[in-house]
$ cat coords-v2.cif   # mmCIF, C-alpha atoms
data_upload
loop_
_atom_site.label_atom_id
_atom_site.label_comp_id
_atom_site.auth_asym_id
_atom_site.auth_seq_id
_atom_site.Cartn_x
_atom_site.Cartn_y
_atom_site.Cartn_z
CA MET A 613 -12.11 21.60 23.31
CA ASP A 614 -14.93 19.36 22.14
CA LEU A 615 -18.07 21.50 22.40
CA GLY A 616 -20.35 18.48 22.36
CA LEU A 617 -22.36 19.74 19.40
CA LYS A 618 -21.86 16.93 16.86
CA ASP A 619 -25.18 15.80 15.36
CA LYS A 620 -27.16 18.70 16.87
CA ARG A 621 -29.56 20.54 14.57
CA ALA A 622 -29.68 24.32 14.21
CA LEU A 623 -31.67 27.00 12.45
CA VAL A 624 -29.84 30.29 11.96
CA LEU A 625 -32.09 33.12 10.82
CA ALA A 626 -30.49 35.59 8.42
CA GLY A 627 -27.50 33.28 8.31
CA THR A 628 -26.20 33.78 4.79
CA LYS A 629 -23.83 36.65 5.59
CA GLY A 630 -22.56 38.89 8.37
CA LEU A 631 -23.06 37.93 11.99
CA GLY A 632 -25.47 35.10 11.27
CA ALA A 633 -23.05 33.56 8.81
CA GLY A 634 -20.29 33.72 11.39
CA VAL A 635 -22.36 31.69 13.84
CA ALA A 636 -23.64 29.27 11.19
CA ARG A 637 -20.12 28.52 9.95
CA ALA A 638 -18.84 28.00 13.49
CA LEU A 639 -21.67 25.59 14.30
CA ALA A 640 -21.13 23.61 11.10
CA ALA A 641 -17.42 23.36 11.93
CA GLU A 642 -18.47 21.64 15.18
CA GLY A 643 -20.51 19.01 13.34
CA VAL A 644 -23.93 20.66 13.60
CA GLU A 645 -26.46 20.21 10.81
CA VAL A 646 -27.51 23.78 10.02
CA MET A 647 -30.32 25.42 8.10
CA ILE A 648 -29.61 29.00 7.09
CA CYS A 649 -31.88 31.52 5.44
CA GLY A 650 -31.54 34.81 3.66
CA ARG A 651 -33.62 36.91 1.31
CA SER A 652 -31.76 35.39 -1.64
CA GLY A 653 -28.81 33.16 -2.41
CA ALA A 654 -29.27 30.87 0.59
CA ALA A 655 -28.69 27.65 -1.34
CA GLN A 656 -25.35 28.89 -2.73
CA ALA A 657 -24.26 30.19 0.67
CA ALA A 658 -25.07 26.82 2.20
CA LYS A 659 -22.97 25.09 -0.45
CA ASP A 660 -20.06 27.43 0.28
CA PHE A 661 -20.34 26.98 4.05
CA SER A 662 -20.42 23.18 3.72
CA LYS A 663 -16.85 23.19 2.40
CA ASP A 664 -15.54 24.09 5.87
CA ALA A 665 -17.97 21.96 7.86
CA ALA A 666 -16.86 19.09 10.06
CA GLU A 667 -18.12 15.55 9.57
CA GLY A 668 -21.86 15.64 10.10
CA GLY A 669 -21.91 19.41 9.73
CA LEU A 670 -24.23 19.68 6.77
CA VAL A 671 -25.50 23.12 5.77
CA HIS A 672 -28.82 23.67 4.01
CA GLY A 673 -30.20 26.95 2.70
CA MET A 674 -33.64 28.35 2.03
CA ASP A 675 -34.57 31.80 0.81
CA CYS A 676 -36.79 33.55 3.35
CA ASP A 677 -37.55 37.10 4.43
CA VAL A 678 -37.75 36.77 8.21
CA TYR A 679 -39.71 40.02 8.35
CA ASP A 680 -42.61 38.17 6.67
CA ARG A 681 -44.48 36.05 9.26
CA ALA A 682 -45.93 33.63 6.70
CA ALA A 683 -42.52 33.12 5.10
CA LEU A 684 -40.98 32.58 8.53
CA ASP A 685 -43.55 29.90 9.33
CA ALA A 686 -42.82 28.20 6.01
CA LEU A 687 -39.11 28.22 6.88
CA LEU A 688 -39.77 26.69 10.29
CA ASP A 689 -41.96 23.99 8.75
CA ALA A 690 -39.35 23.18 6.11
CA THR A 691 -36.54 23.07 8.67
CA LEU A 692 -38.41 20.73 10.98
CA ALA A 693 -39.18 18.45 8.03
CA LYS A 694 -35.58 18.52 6.75
CA LEU A 695 -33.71 18.21 10.04
CA GLY A 696 -36.29 16.33 12.08
CA GLY A 697 -36.12 18.91 14.85
CA ILE A 698 -34.38 22.07 16.01
CA ASP A 699 -31.99 21.87 18.97
CA ILE A 700 -30.42 25.30 18.46
CA LEU A 701 -32.30 28.38 17.32
CA VAL A 702 -30.30 31.48 16.46
CA LEU A 703 -32.56 34.53 16.30
CA ASN A 704 -31.09 37.11 13.98
CA GLY A 705 -32.23 39.68 11.45
CA GLY A 706 -31.48 43.02 9.94
CA GLY A 707 -31.83 46.34 11.67
CA PRO A 708 -33.87 49.48 11.09
CA PRO A 709 -32.65 52.61 9.37
CA PRO A 710 -30.80 55.13 11.52
CA GLY A 711 -32.69 58.07 12.95
CA PRO A 712 -33.55 59.82 16.22
CA ALA A 713 -36.17 58.68 18.70
CA VAL A 714 -37.76 62.13 18.58
CA GLY A 715 -40.34 62.40 15.83
CA THR A 716 -40.28 58.78 14.71
CA ALA A 717 -43.81 57.92 13.58
CA ALA A 718 -45.92 55.40 15.46
CA ALA A 719 -46.27 53.37 12.27
CA ASP A 720 -42.48 52.98 12.10
CA TRP A 721 -42.34 51.80 15.71
CA GLU A 722 -45.06 49.24 14.99
CA LEU A 723 -43.41 48.05 11.78
CA TRP A 724 -39.98 47.52 13.25
CA PHE A 725 -41.27 46.05 16.52
CA SER A 726 -43.08 43.44 14.44
CA ARG A 727 -40.00 42.73 12.34
CA MET A 728 -37.30 42.80 15.01
CA PHE A 729 -39.16 41.62 18.10
CA ALA A 730 -42.52 39.95 17.50
CA ASN A 731 -41.34 37.71 14.66
CA LEU A 732 -38.34 36.49 16.64
CA VAL A 733 -40.53 35.73 19.64
CA HIS A 734 -42.89 33.86 17.33
CA ALA A 735 -40.04 31.67 16.05
CA ALA A 736 -38.90 30.97 19.60
CA ASN A 737 -42.41 30.06 20.71
CA ARG A 738 -42.64 27.51 17.91
CA CYS A 739 -39.34 25.84 18.81
CA LEU A 740 -39.33 25.94 22.61
CA PRO A 741 -41.97 23.28 23.39
CA ALA A 742 -39.99 20.50 21.68
CA MET A 743 -36.73 21.70 23.27
CA ARG A 744 -38.34 21.57 26.71
CA GLU A 745 -39.76 18.12 26.05
CA ARG A 746 -36.31 16.84 25.01
CA GLN A 747 -34.75 18.56 28.06
CA TRP A 748 -32.12 20.20 25.85
CA GLY A 749 -32.14 23.35 23.78
CA ARG A 750 -30.22 26.49 22.99
CA LEU A 751 -31.79 29.84 22.13
CA LEU A 752 -29.28 32.47 21.04
CA THR A 753 -30.47 35.97 20.17
CA ILE A 754 -28.15 38.27 18.23
CA ALA A 755 -28.78 41.93 19.03
CA SER A 756 -26.32 44.81 19.50
CA SER A 757 -24.24 46.48 22.18
CA ALA A 758 -26.80 49.28 21.75
CA ALA A 759 -29.09 47.18 23.95
CA VAL A 760 -26.98 48.24 26.94
CA GLN A 761 -25.47 51.52 25.72
CA PRO A 762 -27.57 53.43 23.16
CA LEU A 763 -25.94 54.57 19.95
CA GLU A 764 -26.43 58.09 18.62
CA ASN A 765 -29.12 58.43 15.95
CA MET A 766 -30.31 54.83 16.34
CA GLY A 767 -33.59 55.35 18.21
CA LEU A 768 -35.50 52.38 16.82
CA SER A 769 -32.62 49.94 17.13
CA ASN A 770 -31.62 51.02 20.64
CA SER A 771 -35.15 50.68 21.97
CA ILE A 772 -36.25 47.44 20.36
CA ARG A 773 -33.00 45.61 21.06
CA ALA A 774 -33.22 46.62 24.73
CA GLY A 775 -36.67 45.04 24.76
CA LEU A 776 -35.19 41.79 23.46
CA LEU A 777 -32.73 41.88 26.33
CA ALA A 778 -35.55 41.96 28.89
CA TRP A 779 -37.52 39.28 27.04
CA ASN A 780 -34.50 36.96 26.92
CA LYS A 781 -33.86 37.33 30.62
CA THR A 782 -37.49 36.67 31.49
CA LEU A 783 -37.66 33.65 29.20
CA SER A 784 -34.46 32.18 30.58
CA LEU A 785 -35.97 32.03 34.06
CA GLU A 786 -38.98 30.12 32.77
CA VAL A 787 -37.20 27.37 30.83
CA ALA A 788 -33.89 26.84 32.65
CA ALA A 789 -35.19 23.86 34.63
CA ASP A 790 -36.05 22.16 31.33
CA GLY A 791 -32.46 22.18 30.09
CA VAL A 792 -32.97 25.09 27.71
CA THR A 793 -30.60 28.05 27.83
CA CYS A 794 -31.43 31.52 26.53
CA ASN A 795 -28.58 33.92 25.92
CA MET A 796 -27.87 37.03 23.89
CA LEU A 797 -24.84 37.93 21.86
CA LEU A 798 -24.19 41.66 21.59
CA PRO A 799 -21.80 42.73 18.83
CA GLY A 800 -19.91 45.98 18.86
CA ARG A 801 -18.33 47.12 15.63
CA ILE A 802 -17.95 43.90 13.67
CA ASP A 803 -16.79 44.30 10.08
CA THR A 804 -20.03 43.46 8.24
CA ASP A 805 -22.04 45.01 5.43
CA ARG A 806 -24.50 46.39 7.99
CA VAL A 807 -21.75 48.26 9.86
CA LYS A 808 -20.31 49.56 6.59
CA ALA A 809 -23.76 50.93 5.69
CA LEU A 810 -24.11 52.60 9.09
CA ASP A 811 -20.65 54.13 8.77
CA GLN A 812 -21.66 55.53 5.39
CA ALA A 813 -24.89 56.93 6.84
CA ASN A 814 -22.95 58.60 9.65
CA ALA A 815 -20.50 60.03 7.13
CA GLN A 816 -23.33 61.69 5.23
CA ARG A 817 -24.96 62.96 8.42
CA LEU A 818 -21.70 64.41 9.78
CA ASN A 819 -20.37 65.63 6.41
CA LEU A 820 -17.31 63.43 6.68
CA SER A 821 -15.83 60.73 4.50
CA ALA A 822 -16.59 57.10 5.29
CA ASP A 823 -12.90 56.55 5.99
CA GLN A 824 -12.90 59.36 8.55
CA VAL A 825 -15.94 57.91 10.30
CA ARG A 826 -14.40 54.46 10.33
CA GLU A 827 -11.13 55.76 11.74
CA GLN A 828 -12.93 57.68 14.50
CA ALA A 829 -14.87 54.55 15.36
CA ARG A 830 -11.73 52.42 15.37
CA LEU A 831 -10.00 54.75 17.79
CA SER A 832 -12.98 54.57 20.16
CA ILE A 833 -12.50 50.81 20.53
CA PRO A 834 -9.91 49.74 23.13
CA ALA A 835 -8.82 46.87 20.85
CA ARG A 836 -8.24 49.51 18.13
CA ARG A 837 -9.90 47.47 15.40
CA TYR A 838 -13.22 46.18 14.17
CA GLY A 839 -14.03 42.58 14.99
CA THR A 840 -14.58 39.79 12.45
CA ALA A 841 -17.62 37.63 11.86
CA GLU A 842 -15.42 34.59 12.55
CA GLU A 843 -14.52 35.87 16.02
CA PHE A 844 -18.16 36.62 16.71
CA GLY A 845 -19.28 33.22 15.47
CA ALA A 846 -16.80 31.37 17.65
CA VAL A 847 -18.31 32.92 20.78
CA GLY A 848 -21.78 32.06 19.52
CA ALA A 849 -20.86 28.42 18.98
CA PHE A 850 -19.54 28.13 22.52
CA ILE A 851 -22.70 29.66 24.00
CA CYS A 852 -24.75 27.07 22.08
CA SER A 853 -22.55 24.20 23.22
CA GLU A 854 -22.95 21.41 25.72
CA ARG A 855 -20.07 22.96 27.66
CA ALA A 856 -22.10 26.14 28.25
CA GLY A 857 -25.07 24.33 29.74
CA TYR A 858 -24.96 26.29 33.02
CA MET A 859 -24.89 29.64 31.25
CA THR A 860 -28.29 31.23 30.72
CA GLY A 861 -29.94 34.63 30.90
CA SER A 862 -26.66 36.25 29.91
CA ALA A 863 -25.87 39.04 27.46
CA VAL A 864 -22.35 38.49 26.14
CA ARG A 865 -20.60 41.42 24.48
CA VAL A 866 -18.21 40.85 21.59
CA ASP A 867 -17.05 44.43 21.15
CA GLY A 868 -13.31 44.77 21.68
CA GLY A 869 -13.99 46.54 24.99
CA LEU A 870 -16.15 49.26 23.41
CA ILE A 871 -18.79 49.27 26.17
CA LYS A 872 -17.15 50.58 29.31
CA ALA A 873 -19.81 49.49 31.82
CA MET A 874 -19.18 46.46 34.01
#

$ encode --input "coords-v2.cif" --output "structure tokens"
Amino acid sequence: MDLGLKDKRALVLAGTKGLGAGVARALAAEGVEVMICGRSGAAQAAKDFSKDAAEGGLVHGMDCDVYDRAALDALLDATLAKLGGIDILVLNGGGPPPGPAVGTAAADWELWFSRMFANLVHAANRCLPAMRERQWGRLLTIASSAAVQPLENMGLSNSIRAGLLAWNKTLSLEVAADGVTCNMLLPGRIDTDRVKALDQANAQRLNLSADQVREQARLSIPARRYGTAEEFGAVGAFICSERAGYMTGSAVRVDGGLIKAM
């Protein structure tokens, strides 16, 4: 299926590895010109990703800590100058450390809300006016299945990602008539460095080995395996496509059936 993405321009935040890389690679394979960022190594990652890109699917990289508002603005400025515009914005970033909701300090809530919510909204607000003027745009926010079913010992992540879910739905209602779609992609247990780190943290908390934690998690998934970044990215590319133009305000789970709710 031709997704109708050739010659579109995308910015993928935190796109050098993991979930972001999966989406960035999938977009480039469809002929999208992509800017990716990461705290370090973005230029090399972009060079590696370009090897699998389709014609027109150039990949550029710029080091940027998306938690830093000034650095994020510099990235947006550089991307607009390099690409001439942003048709697709993929909002992505790291997650907070594990821990309970009870007893988490107010300063930690403020810090991680700024990093995981406010900065992403800021990036969207900078890109949306031009998308609306062109009558075409795609906003894809990567969160977690925890937005709909909280995970144990992930108080900050559960709460802030659920807030993103409500923001995305509200935003989608406001810009749909302008040809801009706003959707969320909710991963379950995808085999990334972040999930490996969380498995290790759970192993220490539960006094188990990392292999034991991973096996317990695997057995809790109806598909009986962790997903791959490539599988995740393929869904993301479709959501960003011309073919998915009537799909907005949705939260799509890529979780092997982990979340049991309808």

$ resolve_selection --input "coords-v2.cif" --expression "the PyMOL selection byres ((chain A and resi 802-814) around 10)" --output "PyMOL selection string"
chain A and resi 629-631+706-707+709-711+764-766+799-801+815-826+829+837-844+866-868

$ resolve_selection --input "coords-v2.cif" --expression "the PyMOL selection byres ((chain A and resi 646) around 12)" --output "VMD selection string"
chain A and resid 617 to 625 627 to 628 632 to 633 635 to 645 647 to 649 654 657 to 659 661 to 662 665 to 666 668 to 674 691 to 692 694 to 702

$ atom_distance --input "coords-v2.cif" --atom1 "CA of Val678 in chain A" --atom2 "CA of Arg746 in chain A"
26.1 Å

$ atom_distance --input "coords-v2.cif" --atom1 "CA of Glu722 in chain A" --atom2 "CA of Ala778 in chain A"
18.3 Å

$ atom_distance --input "coords-v2.cif" --atom1 "CA of Met743 in chain A" --atom2 "CA of Val787 in chain A"
9.5 Å

$ closest_residue --input "coords-v2.cif" --among "A:Leu684, A:Asp720, A:Ser757, A:Gly749" --to "Leu732 in chain A" --atoms "all atoms listed in the file"
A:Leu684

$ closest_residue --input "coords-v2.cif" --among "A:Gly767, A:Gly775, A:Gly715, A:Gly848" --to "Phe729 in chain A" --atoms "all atoms listed in the file"
A:Gly775

$ build_atoms --input "coords-v2.cif" --residues "range 781-805 of chain A" --atoms "N, CA and C atoms" --output "tab-separated table (two decimals), in the coordinates of the input"
chain	number	residue	atom	x	y	z
A	781	LYS	N	-34.09	37.60	29.21
A	781	LYS	CA	-33.86	37.33	30.62
A	781	LYS	C	-35.08	36.69	31.26
A	782	THR	N	-36.26	37.22	30.95
A	782	THR	CA	-37.49	36.67	31.49
A	782	THR	C	-37.69	35.23	31.04
A	783	LEU	N	-37.48	34.98	29.75
A	783	LEU	CA	-37.66	33.65	29.20
A	783	LEU	C	-36.69	32.66	29.82
A	784	SER	N	-35.47	33.09	30.04
A	784	SER	CA	-34.46	32.18	30.58
A	784	SER	C	-34.86	31.64	31.95
A	785	LEU	N	-35.54	32.46	32.74
A	785	LEU	CA	-35.97	32.03	34.06
A	785	LEU	C	-37.07	30.98	33.98
A	786	GLU	N	-37.83	31.02	32.91
A	786	GLU	CA	-38.98	30.12	32.77
A	786	GLU	C	-38.62	28.76	32.22
A	787	VAL	N	-37.51	28.64	31.49
A	787	VAL	CA	-37.20	27.37	30.83
A	787	VAL	C	-35.89	26.74	31.30
A	788	ALA	N	-35.19	27.36	32.22
A	788	ALA	CA	-33.89	26.84	32.65
A	788	ALA	C	-34.00	25.44	33.23
A	789	ALA	N	-35.04	25.17	34.00
A	789	ALA	CA	-35.19	23.86	34.63
A	789	ALA	C	-35.45	22.75	33.62
A	790	ASP	N	-35.79	23.14	32.39
A	790	ASP	CA	-36.05	22.16	31.33
A	790	ASP	C	-34.84	21.91	30.44
A	791	GLY	N	-33.68	22.41	30.85
A	791	GLY	CA	-32.46	22.18	30.09
A	791	GLY	C	-32.29	23.07	28.88
A	792	VAL	N	-33.05	24.15	28.83
A	792	VAL	CA	-32.97	25.09	27.71
A	792	VAL	C	-32.29	26.37	28.17
A	793	THR	N	-31.26	26.80	27.48
A	793	THR	CA	-30.60	28.05	27.83
A	793	THR	C	-31.00	29.14	26.84
A	794	CYS	N	-31.06	30.36	27.34
A	794	CYS	CA	-31.43	31.52	26.53
A	794	CYS	C	-30.40	32.61	26.78
A	795	ASN	N	-29.63	32.91	25.77
A	795	ASN	CA	-28.58	33.92	25.92
A	795	ASN	C	-28.60	34.88	24.74
A	796	MET	N	-27.96	36.03	24.94
A	796	MET	CA	-27.87	37.03	23.89
A	796	MET	C	-26.41	37.32	23.58
A	797	LEU	N	-26.17	37.58	22.32
A	797	LEU	CA	-24.84	37.93	21.86
A	797	LEU	C	-24.90	39.35	21.31
A	798	LEU	N	-24.11	40.24	21.91
A	798	LEU	CA	-24.19	41.66	21.59
A	798	LEU	C	-22.91	42.10	20.87
A	799	PRO	N	-22.98	42.29	19.57
A	799	PRO	CA	-21.80	42.73	18.83
A	799	PRO	C	-21.55	44.22	19.01
A	800	GLY	N	-20.29	44.58	19.00
A	800	GLY	CA	-19.91	45.98	18.86
A	800	GLY	C	-19.71	46.24	17.37
A	801	ARG	N	-18.58	46.80	17.03
A	801	ARG	CA	-18.33	47.12	15.63
A	801	ARG	C	-17.62	45.93	14.96
A	802	ILE	N	-18.45	45.04	14.43
A	802	ILE	CA	-17.95	43.90	13.67
A	802	ILE	C	-17.97	44.28	12.20
A	803	ASP	N	-16.95	43.88	11.48
A	803	ASP	CA	-16.79	44.30	10.08
A	803	ASP	C	-17.76	43.55	9.17
A	804	THR	N	-18.98	44.06	9.07
A	804	THR	CA	-20.03	43.46	8.24
A	804	THR	C	-20.59	44.53	7.29
A	805	ASP	N	-21.40	44.07	6.36
A	805	ASP	CA	-22.04	45.01	5.43
A	805	ASP	C	-22.94	45.99	6.17
